[in-house]
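Source file: work_4.csv (CSV, C-alpha atoms)
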```csv
chain,number,residue,atom,x,y,z
A,1,MET,CA,-65.4,14.5,65.1
A,2,GLY,CA,-63.5,11.4,63.9
A,3,PRO,CA,-60.8,10.9,61.3
A,4,GLU,CA,-63.4,9.9,58.7
A,5,ASN,CA,-64.5,13.5,58.7
A,6,LEU,CA,-61.0,15.0,58.0
A,7,GLU,CA,-60.8,17.9,55.6
A,8,ASP,CA,-57.6,18.9,53.9
A,9,GLU,CA,-57.5,22.4,55.4
A,10,GLN,CA,-57.8,21.1,58.9
A,11,ILE,CA,-54.3,19.7,59.0
A,12,GLU,CA,-51.3,22.0,59.1
A,13,PRO,CA,-48.4,20.3,57.2
A,14,LEU,CA,-45.2,19.7,59.1
A,15,LEU,CA,-41.8,19.8,57.6
A,16,LEU,CA,-41.2,17.3,54.8
A,17,GLU,CA,-37.6,16.5,54.2
A,18,GLY,CA,-36.4,13.9,51.7
A,19,THR,CA,-32.8,13.9,52.7
A,20,LEU,CA,-30.7,10.7,52.9
A,21,SER,CA,-27.8,10.8,55.3
A,22,ARG,CA,-24.7,9.4,53.8
A,23,GLU,CA,-23.5,8.4,57.3
A,24,ASN,CA,-26.7,6.7,58.4
A,25,LEU,CA,-28.1,5.0,55.3
A,26,PRO,CA,-30.4,2.2,56.4
A,27,LYS,CA,-28.8,-1.3,56.3
A,28,GLU,CA,-30.4,-4.1,54.4
A,29,VAL,CA,-31.3,-6.6,57.0
A,30,GLY,CA,-31.9,-9.3,54.4
A,31,CYS,CA,-29.2,-11.6,55.5
A,32,ASP,CA,-29.9,-11.7,59.2
A,33,ALA,CA,-33.7,-11.4,59.0
A,34,HIS,CA,-34.7,-12.5,55.5
A,35,PHE,CA,-32.2,-15.3,55.2
A,36,SER,CA,-33.2,-16.8,58.5
A,37,GLY,CA,-36.6,-17.2,57.0
A,38,GLN,CA,-35.0,-18.9,53.9
A,39,SER,CA,-33.0,-21.4,55.9
A,40,SER,CA,-33.8,-25.1,56.0
A,41,ARG,CA,-33.2,-25.5,59.7
A,42,ARG,CA,-35.4,-28.3,60.9
A,43,PRO,CA,-37.7,-27.4,63.8
A,44,THR,CA,-36.5,-28.6,67.2
A,45,SER,CA,-38.4,-29.5,70.4
A,46,VAL,CA,-37.1,-26.3,72.0
A,47,GLU,CA,-40.4,-24.5,71.4
A,48,SER,CA,-42.2,-27.0,73.6
A,49,LEU,CA,-40.2,-26.3,76.7
A,50,SER,CA,-42.3,-25.7,79.8
A,51,LYS,CA,-41.7,-23.1,82.4
A,52,LYS,CA,-40.8,-25.9,84.9
A,53,ASP,CA,-37.6,-26.5,82.9
A,54,VAL,CA,-36.3,-23.1,83.9
A,55,SER,CA,-33.9,-23.6,86.8
A,56,ALA,CA,-32.5,-21.1,89.1
A,57,GLY,CA,-30.3,-18.5,87.4
A,58,VAL,CA,-31.0,-19.8,83.9
A,59,SER,CA,-33.6,-18.1,81.7
A,60,GLU,CA,-36.0,-19.9,79.3
A,61,ASN,CA,-34.2,-18.2,76.4
A,62,GLN,CA,-30.9,-19.5,77.6
A,63,ILE,CA,-32.3,-23.1,77.7
A,64,LYS,CA,-33.7,-22.6,74.2
A,65,ASP,CA,-30.3,-21.3,73.0
A,66,ALA,CA,-28.5,-24.2,74.5
A,67,GLN,CA,-30.7,-26.8,72.9
A,68,LEU,CA,-30.6,-25.0,69.5
A,69,LEU,CA,-26.8,-24.8,69.7
A,70,ALA,CA,-26.7,-28.6,70.5
A,71,ASP,CA,-29.1,-29.3,67.6
A,72,LEU,CA,-26.9,-27.3,65.1
A,73,GLN,CA,-23.7,-28.9,66.3
A,74,GLU,CA,-25.3,-32.3,65.9
A,75,ARG,CA,-26.4,-31.5,62.4
A,76,ILE,CA,-22.9,-30.3,61.5
A,77,LYS,CA,-21.5,-33.7,62.6
A,78,SER,CA,-24.0,-35.5,60.5
A,79,GLY,CA,-22.9,-33.5,57.4
A,80,ASP,CA,-25.8,-31.1,57.0
A,81,LYS,CA,-24.4,-28.5,54.6
A,82,ASP,CA,-26.7,-25.7,55.9
A,83,ALA,CA,-26.0,-26.1,59.6
A,84,LYS,CA,-22.6,-24.4,59.7
A,85,PHE,CA,-24.1,-21.2,58.2
A,86,GLU,CA,-27.0,-21.3,60.6
A,87,LEU,CA,-24.6,-21.7,63.5
A,88,GLY,CA,-22.7,-18.7,62.3
A,89,GLN,CA,-26.0,-16.9,62.0
A,90,PHE,CA,-26.8,-18.0,65.6
A,91,TYR,CA,-23.7,-16.2,66.8
A,92,PHE,CA,-24.2,-13.2,64.5
A,93,ASP,CA,-27.7,-12.7,65.9
A,94,ARG,CA,-26.3,-12.7,69.4
A,95,ARG,CA,-23.6,-10.3,68.5
A,96,ASP,CA,-20.8,-12.8,69.0
A,97,PHE,CA,-19.2,-11.6,65.7
A,98,GLU,CA,-15.8,-13.3,66.3
A,99,GLU,CA,-17.4,-16.7,66.4
A,100,ALA,CA,-19.7,-15.9,63.5
A,101,LYS,CA,-16.8,-14.6,61.4
A,102,GLY,CA,-14.8,-17.8,61.9
A,103,LEU,CA,-17.7,-20.0,60.8
A,104,PHE,CA,-18.6,-17.8,57.8
A,105,GLU,CA,-15.0,-17.8,56.7
A,106,GLU,CA,-14.9,-21.7,56.7
A,107,ILE,CA,-17.7,-21.9,54.2
A,108,ALA,CA,-17.5,-18.6,52.3
A,109,ASP,CA,-16.1,-20.3,49.1
A,110,GLU,CA,-19.2,-22.5,48.8
A,111,ASN,CA,-21.9,-20.5,50.5
A,112,LEU,CA,-22.6,-16.9,49.3
A,113,GLN,CA,-24.8,-16.2,52.3
A,114,ALA,CA,-21.7,-16.6,54.4
A,115,THR,CA,-19.8,-14.3,52.0
A,116,TYR,CA,-22.6,-11.7,52.4
A,117,GLN,CA,-22.5,-11.8,56.2
A,118,LEU,CA,-18.7,-11.5,56.1
A,119,ALA,CA,-19.1,-8.4,53.9
A,120,VAL,CA,-21.5,-6.9,56.4
A,121,ILE,CA,-19.1,-7.7,59.3
A,122,TYR,CA,-16.2,-6.0,57.5
A,123,TYR,CA,-18.2,-3.0,56.1
A,124,ASP,CA,-19.6,-2.1,59.5
A,125,GLY,CA,-16.6,-3.2,61.6
A,126,LEU,CA,-18.6,-5.7,63.7
A,127,GLY,CA,-16.0,-7.2,66.0
A,128,VAL,CA,-13.2,-6.5,63.5
A,129,GLU,CA,-11.5,-3.4,62.1
A,130,ALA,CA,-13.7,-2.0,59.4
A,131,ASN,CA,-12.5,-2.7,55.9
A,132,GLN,CA,-15.0,-1.3,53.4
A,133,LYS,CA,-12.8,-2.1,50.4
A,134,LYS,CA,-12.7,-5.7,51.3
A,135,ALA,CA,-16.5,-5.7,51.9
A,136,VAL,CA,-17.1,-4.2,48.5
A,137,GLY,CA,-15.1,-6.9,46.8
A,138,MET,CA,-17.2,-9.5,48.6
A,139,MET,CA,-20.5,-7.9,47.5
A,140,GLU,CA,-19.2,-7.7,43.9
A,141,SER,CA,-18.3,-11.4,43.9
A,142,ILE,CA,-21.9,-12.2,44.9
A,143,ILE,CA,-23.3,-10.0,42.2
A,144,ASN,CA,-21.0,-11.4,39.6
A,145,SER,CA,-21.7,-15.1,40.6
A,146,LYS,CA,-23.0,-17.3,37.8
A,147,ASP,CA,-24.3,-19.9,40.3
A,148,LYS,CA,-28.1,-19.7,40.0
A,149,GLU,CA,-28.5,-21.3,43.5
A,150,TRP,CA,-27.6,-17.9,45.0
A,151,ASP,CA,-29.7,-15.6,42.7
A,152,PHE,CA,-32.0,-14.8,45.7
A,153,ILE,CA,-29.1,-13.0,47.5
A,154,VAL,CA,-28.1,-10.8,44.6
A,155,PRO,CA,-30.6,-8.0,45.2
A,156,TYR,CA,-29.4,-7.6,48.8
A,157,ALA,CA,-25.8,-7.4,47.7
A,158,GLN,CA,-26.7,-4.9,45.0
A,159,TYR,CA,-28.4,-2.8,47.7
A,160,GLN,CA,-25.4,-2.9,49.9
A,161,LEU,CA,-23.0,-2.1,47.1
A,162,GLY,CA,-25.3,0.9,46.2
A,163,ARG,CA,-25.0,2.0,49.8
A,164,ALA,CA,-21.2,1.9,49.6
A,165,TYR,CA,-21.3,4.1,46.5
A,166,TYR,CA,-23.7,6.5,48.0
A,167,GLU,CA,-21.7,6.8,51.2
A,168,GLY,CA,-18.3,6.7,49.4
A,169,PHE,CA,-16.9,4.0,51.6
A,170,GLY,CA,-14.6,1.4,49.9
A,171,VAL,CA,-15.3,3.0,46.5
A,172,LYS,CA,-15.4,6.4,44.9
A,173,GLN,CA,-18.6,8.2,45.9
A,174,SER,CA,-21.2,8.1,43.0
A,175,ASP,CA,-24.9,8.9,43.3
A,176,ALA,CA,-25.2,7.6,39.7
A,177,MET,CA,-23.8,4.2,40.6
A,178,ALA,CA,-25.9,4.1,43.8
A,179,GLU,CA,-29.0,4.8,41.8
A,180,HIS,CA,-28.1,2.2,39.2
A,181,LEU,CA,-27.5,-0.6,41.8
A,182,TRP,CA,-30.5,0.3,43.8
A,183,THR,CA,-32.7,0.1,40.7
A,184,LEU,CA,-31.3,-3.3,39.9
A,185,ALA,CA,-31.9,-4.4,43.5
A,186,ALA,CA,-35.4,-3.1,43.5
A,187,ARG,CA,-36.4,-5.5,40.7
A,188,ASP,CA,-39.1,-3.2,39.3
A,189,GLY,CA,-40.9,-3.4,42.6
A,190,ASN,CA,-41.2,-7.1,42.7
A,191,PRO,CA,-41.3,-8.7,46.2
A,192,ASP,CA,-38.3,-10.9,45.5
A,193,GLY,CA,-36.2,-7.7,45.1
A,194,SER,CA,-34.7,-5.7,48.0
A,195,VAL,CA,-37.6,-3.8,49.6
A,196,LYS,CA,-35.0,-1.6,51.4
A,197,ALA,CA,-33.7,-0.6,47.9
A,198,GLN,CA,-37.3,0.3,46.9
A,199,THR,CA,-37.7,2.5,50.0
A,200,THR,CA,-34.3,4.1,49.5
A,201,LEU,CA,-35.1,5.0,45.9
A,202,GLY,CA,-38.3,6.7,47.1
A,203,MET,CA,-36.1,8.8,49.4
A,204,PHE,CA,-33.4,9.3,46.8
A,205,TYR,CA,-35.8,10.8,44.4
A,206,SER,CA,-37.4,13.1,47.0
A,207,ARG,CA,-34.3,15.2,47.8
A,208,PRO,CA,-35.1,18.8,46.9
A,209,GLY,CA,-32.3,20.6,45.1
A,210,GLU,CA,-30.7,17.5,43.7
A,211,ASN,CA,-30.6,16.7,39.9
A,212,THR,CA,-32.3,13.4,40.6
A,213,TYR,CA,-35.3,15.0,42.3
A,214,ASN,CA,-38.4,13.4,40.9
A,215,ILE,CA,-41.4,13.3,43.2
A,216,HIS,CA,-43.4,11.1,40.9
A,217,LYS,CA,-40.7,8.5,40.9
A,218,ALA,CA,-40.5,8.9,44.7
A,219,HIS,CA,-44.2,8.2,45.0
A,220,PHE,CA,-43.9,5.1,42.7
A,221,TRP,CA,-41.1,3.5,44.7
A,222,HIS,CA,-42.7,4.2,48.1
A,223,GLN,CA,-45.9,2.7,46.8
A,224,GLU,CA,-44.1,-0.4,45.6
A,225,ALA,CA,-42.2,-0.8,48.8
A,226,THR,CA,-45.4,-0.3,50.9
A,227,GLY,CA,-47.0,-3.1,48.9
A,228,ASN,CA,-44.0,-5.3,49.8
A,229,GLY,CA,-44.3,-4.6,53.5
A,230,SER,CA,-42.2,-1.4,54.2
A,231,HIS,CA,-43.8,0.6,57.0
A,232,GLU,CA,-41.1,3.3,56.4
A,233,SER,CA,-42.4,3.8,52.8
A,234,GLN,CA,-46.0,3.6,54.1
A,235,ALA,CA,-45.3,6.6,56.4
A,236,ALA,CA,-43.6,8.4,53.5
A,237,LEU,CA,-46.7,7.8,51.4
A,238,GLY,CA,-48.8,9.4,54.1
A,239,ILE,CA,-46.7,12.6,53.9
A,240,LEU,CA,-46.8,12.6,50.1
A,241,TYR,CA,-50.7,12.4,50.3
A,242,LEU,CA,-50.7,15.1,53.0
A,243,HIS,CA,-48.8,17.6,50.9
A,244,GLY,CA,-50.1,16.5,47.4
A,245,LEU,CA,-46.6,15.6,46.2
A,246,GLY,CA,-46.5,13.2,43.3
A,247,VAL,CA,-50.1,12.5,43.9
A,248,SER,CA,-53.4,14.4,44.4
A,249,LYS,CA,-53.6,15.8,47.9
A,250,ASP,CA,-55.8,13.5,50.0
A,251,THR,CA,-55.9,13.9,53.8
A,252,LYS,CA,-58.0,10.8,54.3
A,253,SER,CA,-55.5,8.6,52.5
A,254,SER,CA,-52.7,10.3,54.3
A,255,PHE,CA,-54.3,9.5,57.6
A,256,GLN,CA,-54.8,5.9,56.7
A,257,CYS,CA,-51.2,5.4,55.5
A,258,LEU,CA,-49.9,7.0,58.7
A,259,LYS,CA,-52.3,4.9,60.9
A,260,ASN,CA,-51.3,1.7,59.2
A,261,ALA,CA,-47.6,2.5,59.5
A,262,ALA,CA,-48.0,3.6,63.1
A,263,GLU,CA,-49.7,0.3,64.0
A,264,ARG,CA,-46.7,-1.5,62.7
A,265,GLY,CA,-44.4,0.5,64.9
A,266,ASN,CA,-43.1,3.3,62.6
A,267,ILE,CA,-42.0,6.1,64.9
A,268,TYR,CA,-42.3,8.9,62.4
A,269,ALA,CA,-45.8,7.8,61.6
A,270,ILE,CA,-46.7,7.7,65.3
A,271,GLY,CA,-45.5,11.3,65.7
A,272,GLN,CA,-47.5,12.5,62.7
A,273,LEU,CA,-50.5,10.6,63.8
A,274,SER,CA,-50.4,12.2,67.2
A,275,PHE,CA,-50.4,15.6,65.3
A,276,PHE,CA,-53.5,14.5,63.3
A,277,TYR,CA,-55.4,13.6,66.4
A,278,TYR,CA,-54.4,16.8,68.2
A,279,LYS,CA,-55.7,18.9,65.3
A,280,LEU,CA,-58.9,17.0,65.4
A,281,LYS,CA,-59.2,17.7,69.2
A,282,LEU,CA,-59.1,14.0,69.9
A,283,TYR,CA,-56.8,14.6,72.7
A,284,ASN,CA,-57.0,11.2,74.4
A,285,ASN,CA,-55.9,9.6,71.1
A,286,ALA,CA,-53.1,12.2,70.7
A,287,VAL,CA,-51.8,11.4,74.2
A,288,ASP,CA,-52.1,7.7,73.6
A,289,PHE,CA,-50.0,7.7,70.5
A,290,ALA,CA,-47.5,10.2,71.8
A,291,GLN,CA,-47.0,8.1,75.0
A,292,ARG,CA,-45.9,5.2,72.8
A,293,ILE,CA,-42.6,7.0,71.9
A,294,VAL,CA,-42.0,10.0,74.2
A,295,TRP,CA,-40.0,7.7,76.6
A,296,ILE,CA,-37.4,6.9,73.9
A,297,THR,CA,-34.0,8.4,74.7
A,298,ASP,CA,-31.7,6.8,72.1
A,299,ALA,CA,-32.9,7.6,68.5
A,300,THR,CA,-30.0,5.7,66.9
A,301,GLU,CA,-30.9,2.5,68.8
A,302,ALA,CA,-34.6,2.9,67.9
A,303,ALA,CA,-33.7,3.4,64.2
A,304,GLU,CA,-31.6,0.2,64.2
A,305,LYS,CA,-34.4,-1.8,65.8
A,306,THR,CA,-37.1,-0.5,63.3
A,307,GLY,CA,-34.8,-0.4,60.2
A,308,CYS,CA,-35.6,3.3,59.6
A,309,LEU,CA,-33.5,6.4,59.0
A,310,VAL,CA,-32.5,8.0,62.3
A,311,HIS,CA,-33.4,11.4,60.8
A,312,TYR,CA,-37.1,10.5,60.7
A,313,VAL,CA,-37.0,8.7,64.0
A,314,LYS,CA,-35.9,11.9,65.7
A,315,LYS,CA,-38.6,13.9,63.9
A,316,GLY,CA,-41.3,11.5,65.1
A,317,ILE,CA,-40.1,11.6,68.7
A,318,ALA,CA,-39.9,15.4,68.5
A,319,ILE,CA,-43.4,15.8,67.3
A,320,SER,CA,-44.8,13.5,69.9
A,321,CYS,CA,-42.8,15.1,72.7
A,322,PHE,CA,-43.9,18.6,71.8
A,323,LEU,CA,-47.6,17.7,71.5
A,324,TYR,CA,-47.4,15.6,74.7
A,325,GLY,CA,-46.0,18.7,76.4
A,326,ARG,CA,-48.8,20.8,75.0
A,327,CYS,CA,-51.4,18.3,76.3
A,328,LEU,CA,-49.8,18.4,79.7
A,329,SER,CA,-49.7,22.2,79.8
A,330,LYS,CA,-53.4,22.5,78.8
A,331,GLY,CA,-54.7,19.4,80.6
A,332,TYR,CA,-55.9,17.9,77.3
A,333,GLY,CA,-56.4,14.1,77.6
A,334,ILE,CA,-54.2,14.0,80.6
A,335,LYS,CA,-53.8,15.6,84.1
A,336,ARG,CA,-52.4,19.1,83.8
A,337,ASP,CA,-48.7,19.4,84.7
A,338,ALA,CA,-47.0,22.6,83.5
A,339,THR,CA,-43.6,21.6,85.0
A,340,GLU,CA,-43.5,18.2,83.2
A,341,ALA,CA,-44.7,19.9,80.0
A,342,LEU,CA,-41.6,22.0,79.9
A,343,LEU,CA,-39.4,18.9,80.1
A,344,TYR,CA,-41.1,17.5,77.0
A,345,TYR,CA,-40.8,20.8,75.1
A,346,THR,CA,-37.1,20.7,75.9
A,347,LYS,CA,-36.8,17.0,74.8
A,348,ALA,CA,-38.6,17.8,71.5
A,349,ALA,CA,-36.0,20.5,70.8
A,350,GLU,CA,-33.2,18.2,71.7
A,351,PHE,CA,-34.4,15.6,69.1
A,352,ASP,CA,-35.2,18.1,66.3
A,353,LEU,CA,-35.0,21.8,66.8
A,354,ASP,CA,-36.6,22.6,63.5
A,355,ILE,CA,-39.7,20.6,64.3
A,356,ALA,CA,-39.9,22.1,67.8
A,357,ASN,CA,-39.6,25.6,66.4
A,358,GLN,CA,-42.3,25.0,63.8
A,359,LEU,CA,-44.7,23.6,66.4
A,360,GLN,CA,-43.9,26.5,68.7
A,361,GLU,CA,-44.9,28.9,65.9
A,362,LEU,CA,-48.2,27.1,65.4
A,363,MET,CA,-48.7,27.3,69.2
A,364,ILE,CA,-48.0,31.0,69.3
A,365,HIS,CA,-50.5,31.6,66.5
A,366,GLY,CA,-53.2,29.6,68.2
A,367,LYS,CA,-53.2,26.8,65.7
A,368,ILE,CA,-52.4,24.1,68.2
```
As structure tokens, how would this structure be written, given the file I've shared?
Amino acid sequence: MGPENLEDEQIEPLLLEGTLSRENLPKEVGCDAHFSGQSSRRPTSVESLSKKDVSAGVSENQIKDAQLLADLQERIKSGDKDAKFELGQFYFDRRDFEEAKGLFEEIADENLQATYQLAVIYYDGLGVEANQKKAVGMMESIINSKDKEWDFIVPYAQYQLGRAYYEGFGVKQSDAMAEHLWTLAARDGNPDGSVKAQTTLGMFYSRPGENTYNIHKAHFWHQEATGNGSHESQAALGILYLHGLGVSKDTKSSFQCLKNAAERGNIYAIGQLSFFYYKLKLYNNAVDFAQRIVWITDATEAAEKTGCLVHYVKKGIAISCFLYGRCLSKGYGIKRDATEALLYYTKAAEFDLDIANQLQELMIHGKI
């Protein structure tokens, strides 16, 4: 039986939690990812390097970096107004925050991209002592700018300022202000808005017990963010369809959302998809998806790399570890190894005890 034959009652729903952690709210990567795509850096000949250019002790990446650095420095000498920001970004991307900070400070008065990156550096304490109040002031200056040249950066600053209000860092904590700023940043779901704000609104409205709980709004914002490329919202949509929250229950749509998100590297979706396949007794598939993430040891690092909440990264790993252990203990889709199975059960509990307990209950009652 394949996924196309899924029936709603065949899938046991796992825990759905819509919490946002005030300590680990996802960062808007607009300036270091989106902005690099917006830059006007001219292409160099670096990409055409052949492997014969790699000398002893020097990697191909190091050669590329050296040539890119030389290109940027030459453009600065020739008066290219964008080159100094790109040089700062070069150092920022390589985590040399001291060099990046110096370059951004030189041009911050005339380049709001540089102001934005300085605010990120101060807010998160990257190479400097954290100063959230100073960072907030910088983000506010971007939002209040009348210079139309920098309109494209405003949604990202609004998202970050909303993050400050939600976390209560640099300003008095206020869910209402966070909601207001994220709504502005989301731009009614338009792709030129902050996609991270759209995803965050989806999570904000799906917090049970809060006055702002509105699962229909949550579905709307996750749908908008998914359309704009968010695999985190795509995974969330899969769970909303699975549970019939804010939308009619639809296991097939749930599977498709989770499958698409998993193919794009979403860890929570990979965990849920391994559960889907296990329930369908497609054990080879369950093992295959579980093996993609059971090796992860640092959920925080994985969350940073994927731009997702660590809360859900841990859940995805826990689901996959437990089911991988179950497959090992039964010899489903993999050679039986009861000793190794126990290690993965333990690892599942270490990442998320609630998930491990729920899956254990399902196992005890013969449902998995």
Got a sec: who's within 12 Å of A:Tyr268, counting only C-alpha atoms, leaving out chain neighbours fewer than 6 positions off, as a VMD selection string?
chain A and resid 14 to 16 231 to 239 257 to 262 274 to 275 289 to 290 292 to 294 299 302 to 303 306 308 to 320
Output of the above residues as a CSV table (one decimal), keeping the file's coordinate frame, restricted to C-alpha atoms:
```
chain,number,residue,atom,x,y,z
A,14,LEU,CA,-45.2,19.7,59.1
A,15,LEU,CA,-41.8,19.8,57.6
A,16,LEU,CA,-41.2,17.3,54.8
A,231,HIS,CA,-43.8,0.6,57.0
A,232,GLU,CA,-41.1,3.3,56.4
A,233,SER,CA,-42.4,3.8,52.8
A,234,GLN,CA,-46.0,3.6,54.1
A,235,ALA,CA,-45.3,6.6,56.4
A,236,ALA,CA,-43.6,8.4,53.5
A,237,LEU,CA,-46.7,7.8,51.4
A,238,GLY,CA,-48.8,9.4,54.1
A,239,ILE,CA,-46.7,12.6,53.9
A,257,CYS,CA,-51.2,5.4,55.5
A,258,LEU,CA,-49.9,7.0,58.7
A,259,LYS,CA,-52.3,4.9,60.9
A,260,ASN,CA,-51.3,1.7,59.2
A,261,ALA,CA,-47.6,2.5,59.5
A,262,ALA,CA,-48.0,3.6,63.1
A,274,SER,CA,-50.4,12.2,67.2
A,275,PHE,CA,-50.4,15.6,65.3
A,289,PHE,CA,-50.0,7.7,70.5
A,290,ALA,CA,-47.5,10.2,71.8
A,292,ARG,CA,-45.9,5.2,72.8
A,293,ILE,CA,-42.6,7.0,71.9
A,294,VAL,CA,-42.0,10.0,74.2
A,299,ALA,CA,-32.9,7.6,68.5
A,302,ALA,CA,-34.6,2.9,67.9
A,303,ALA,CA,-33.7,3.4,64.2
A,306,THR,CA,-37.1,-0.5,63.3
A,308,CYS,CA,-35.6,3.3,59.6
A,309,LEU,CA,-33.5,6.4,59.0
A,310,VAL,CA,-32.5,8.0,62.3
A,311,HIS,CA,-33.4,11.4,60.8
A,312,TYR,CA,-37.1,10.5,60.7
A,313,VAL,CA,-37.0,8.7,64.0
A,314,LYS,CA,-35.9,11.9,65.7
A,315,LYS,CA,-38.6,13.9,63.9
A,316,GLY,CA,-41.3,11.5,65.1
A,317,ILE,CA,-40.1,11.6,68.7
A,318,ALA,CA,-39.9,15.4,68.5
A,319,ILE,CA,-43.4,15.8,67.3
A,320,SER,CA,-44.8,13.5,69.9
```
Pick out the residues sitting within 10 Å of A:Ala286, and hand them over as number ranges by chain; count all atoms listed in the file, and ignore anything fewer than 4 positions along from it in its own chain.
A: 270-282, 290-291, 320, 323-324, 327, 332-333
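Pairwise distance (atom CA of A:Phe152, atom CA of A:Asp93) equals 20.8 Å.
Rounded to one decimal, atom CA of A:His222 and atom CA of A:His180 lie 17.2 Å from each other.
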Separation of atom CA of A:Gln113 from atom CA of A:Arg264, in Å and rounded to one decimal:
28.4 Å
Calculated over all atoms listed in the file, which of the candidates A:Ala119, A:Ala178, A:Val171, A:Ala341 has the smallest distance to A:Ala197?
A:Ala178
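Between A:Leu242 and the residues A:Trp295, A:Asp96, A:Gln256, A:Gly229, the shortest atom-to-atom distance, using all atoms listed in the file, involves A:Gln256.
Of the residues listed (A:Thr346, A:Ser174, A:Thr115, A:Ser254), A:Thr115 shows the shortest atom-to-atom separation from A:Met138; distances use only C-alpha atoms.
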Which residues come within 10 Å of A:Val128, counting all atoms listed in the file, excluding same-chain residues fewer than 6 positions away, as a PyMOL selection string?
chain A and resi 97-98+101+121-122
Can you tell me, as a compact mmCIF listing (two decimals) with C-alpha atoms, keeping the file's coordinate frame, what residues are no more than 8 Å from A:Lys84 when counting all atoms listed in the file, ignoring any on the same chain fewer than 5 positions away?
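Saved as part-v3.txt:
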```txt
# COMPACT_ATOMS: atom_id res chain seq x y z
CA LEU A 72 -26.90 -27.30 65.10
CA ILE A 76 -22.90 -30.30 61.50
CA LEU A 103 -17.70 -20.00 60.80
CA PHE A 104 -18.60 -17.80 57.80
CA ILE A 107 -17.70 -21.90 54.20
```
